[in-house]
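Quick notes on the structure that follows.
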Amino acid sequence: MTKLKSYATLLGATALTLTGAASVSAADLEFYFPVGVNAPAVETIQALTDEWAAANPQHTVKAVYAGNYEETTTKALTAANAGQPPQVAVLLSIDLFTLIEEDVILPISDIANSEEDKEWISGFYPAFMSDAQFEGKTYAIPFQRSTPVYYYNKDAFREAGLDPEAPPKTWDEMIEVGKALTVKDDNGNVTRWGTRIPTLGLGGAWLFGGLVVSKGDVLTTETGIEARMDTPATLASLEFLLRLAEEEVMAPGGITWGDTPKAFLEGQTASMWTSTGNLAFIEENAEFDWGVGFLPGGDGPGAPIGGGNFYVFQDTTEEEREAALDFIKFMTSPESAAKWSIATGYVAPRPDTWETPEMKAYAERLPQALVALDQLAYAEREFATFQRAKVTQYLVDAIESVVTGNAEPAEALAKAQEGADKILSEYK
């Protein structure tokens with residue numbers, strides 16, 4: 001199934017590695033990481049990296065902020081294909097199939113193979129490990145993981161005569177509550193929408209996965225070769241997005257990911273769907289009482305799992321791999337993961353982190369942080385296949401064409417399924 005690099009590419013990569021070997025010591029690490037939310041992630045990552053370096057003076061590590069998730073993956077692949085990869089990187093969990101196909105990453109279970117290592121790997125939440133493993137091997141380690149949650153303005157709820165401690169749990173309740181929350185001026189123009197769900201780009205596709213899960217289905221399976229875009233669950237989900245606009249609960253047309261937290265903070269919407277990774281940003285900037293709930297569901301709770309994992313690259317020395325593994329263990333340790341989760345809002349990926357005094361105090365101060373953790377029981381892996389970028393684009397195009405009024409749901413989904421099936425057929 002895996003497409004190997006050409007012999008010429010491998011020779012070129014080997015030559016580049018050999019020429020660079022003299023100037024790079026075995027335990028010098030370069031670490032690529034992305035930022036995908038509104039949080040002080042760069043500063044926190046650098047502080048944690050510096051802490052590991054100070055405790056391990058025999059090694060060096062350079063933390064490289066490489067942009068958003070997509071940009072970081074592109075840069076890492078470009079460097080790897082040139083024979084000069086970062087030794088370790090945080091990349092999208094759903095890029096697992098791409099990285100395997102490009103033959104650039106090393107299964108972490110190949111180097112973390114002692115009994116102690118195996119126990120460490122087994123200590124992560126199973127939901128987060130679901131997209132870190134393939135064909136019996138562990139390729140990645142969870143780090144900045146998340147689910148989207150329903151953020152809502154409690155003051156707006158009170159103003160509308162709604163219970164501020166009872167966010168909507170179903171799609172029908174979301175419509176009913178959203179109508180009460182929507183405010184119009186004397187001319188009939190909406191000044192505050194009831195809710196806001198990003199529908200454009202990859203962010204829109206991610207949230208769409210939560211709608212589908214709540215209808216009892218998934219967009220992709222663990223095989224990496226199946227996309228489920230044209231199903232009763234996807235049709236119901238797309239029709240629900242249209243219904244939100246038709247019922248004047250959400251603005252019609254496409255809604256962007258990046259502007260959504262700002263719209264919530266500025267009172268343009270009384271609620272929103274976005275990553276738990278925005279918790280710290282909302283806490284710091286909200287000038288009103290706010291709460292968090294599960295994503296309202298079609299037939300029950302449901303959410304997509306998102307975020308990034310640690311990967312170790314193949315074109316590395318044994319010493320670099322050992323140092324990279326030690327670095328990953330440090331970054332995901334209870335103490336480090338607590339600092340990272342508190343600074344950003346990402347879900348700490350191991351139960352032992354939540355038992356630290358820092359996380360207990362954090363959860364008591366900000367109980368909203370526990371919602372995403374509790375929602376894990378109803379969450380499924382994010383959309384992921386081989387040729388992910390091309391396959392996902394069919395889903396993105398389908399959603400965007402429908403919400404902007406350029407296609408009907410059934411027609412758009414059938415077209416997306418046809419395109420996805422054509423790409424994935426070569427893997428079957």
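Each chain in the structure tokens gets a letter, A, B and so on, in the order shown; residues start at 1 in every chain, and ligands are counted from 1 in the order they appear.
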
Could you name the residues that touch His59 of chain A at 12 Å or less, counting only C-alpha atoms, but leaving out those on the same chain fewer than 4 positions away, as a ChimeraX atom specification? /A:24-30,49-50,52-55,319-324,326-327

Fewer than 5 positions away in the same chain doesn't count, so skip those; otherwise give me all residues within 10 Å of Thr256 of chain A, counting only C-alpha atoms, as an NGL selection string. :A and (196-204)

Pull N, CA and C atoms from the residues just selected and write them as a short mmCIF file (atom, residue, chain, number, x, y, z; two decimals), in the first residue's frame.
data_model
loop_
_atom_site.label_atom_id
_atom_site.label_comp_id
_atom_site.auth_asym_id
_atom_site.auth_seq_id
_atom_site.Cartn_x
_atom_site.Cartn_y
_atom_site.Cartn_z
N ARG A 196 -22.82 30.46 15.67
CA ARG A 196 -21.87 30.58 14.56
C ARG A 196 -21.08 29.27 14.49
N ILE A 197 -21.21 28.57 13.38
CA ILE A 197 -20.45 27.34 13.12
C ILE A 197 -19.63 27.57 11.86
N PRO A 198 -18.32 27.61 11.94
CA PRO A 198 -17.51 27.76 10.73
C PRO A 198 -17.84 26.66 9.72
N THR A 199 -17.99 27.06 8.47
CA THR A 199 -18.36 26.11 7.41
C THR A 199 -17.39 26.12 6.25
N LEU A 200 -16.40 27.01 6.29
CA LEU A 200 -15.47 27.12 5.17
C LEU A 200 -14.14 26.44 5.49
N GLY A 201 -13.49 25.94 4.46
CA GLY A 201 -12.14 25.41 4.59
C GLY A 201 -12.07 24.15 5.43
N LEU A 202 -10.84 23.84 5.88
CA LEU A 202 -10.61 22.63 6.66
C LEU A 202 -11.27 22.69 8.04
N GLY A 203 -11.37 23.92 8.61
CA GLY A 203 -12.05 24.07 9.88
C GLY A 203 -13.52 23.68 9.77
N GLY A 204 -14.14 24.08 8.67
CA GLY A 204 -15.53 23.72 8.43
C GLY A 204 -15.71 22.22 8.27
#

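Each of A:Thr392, A:Thr274, A:Thr404, A:Ser114 was checked against Asp259 of chain A using only C-alpha atoms; the smallest atom-to-atom distance is that of A:Thr274.
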
Counting only C-alpha atoms, figure out which residue out of A:Ser214, A:Thr73, A:Ser146, A:Thr195 gets nearest to Thr170 of chain A. A:Ser214
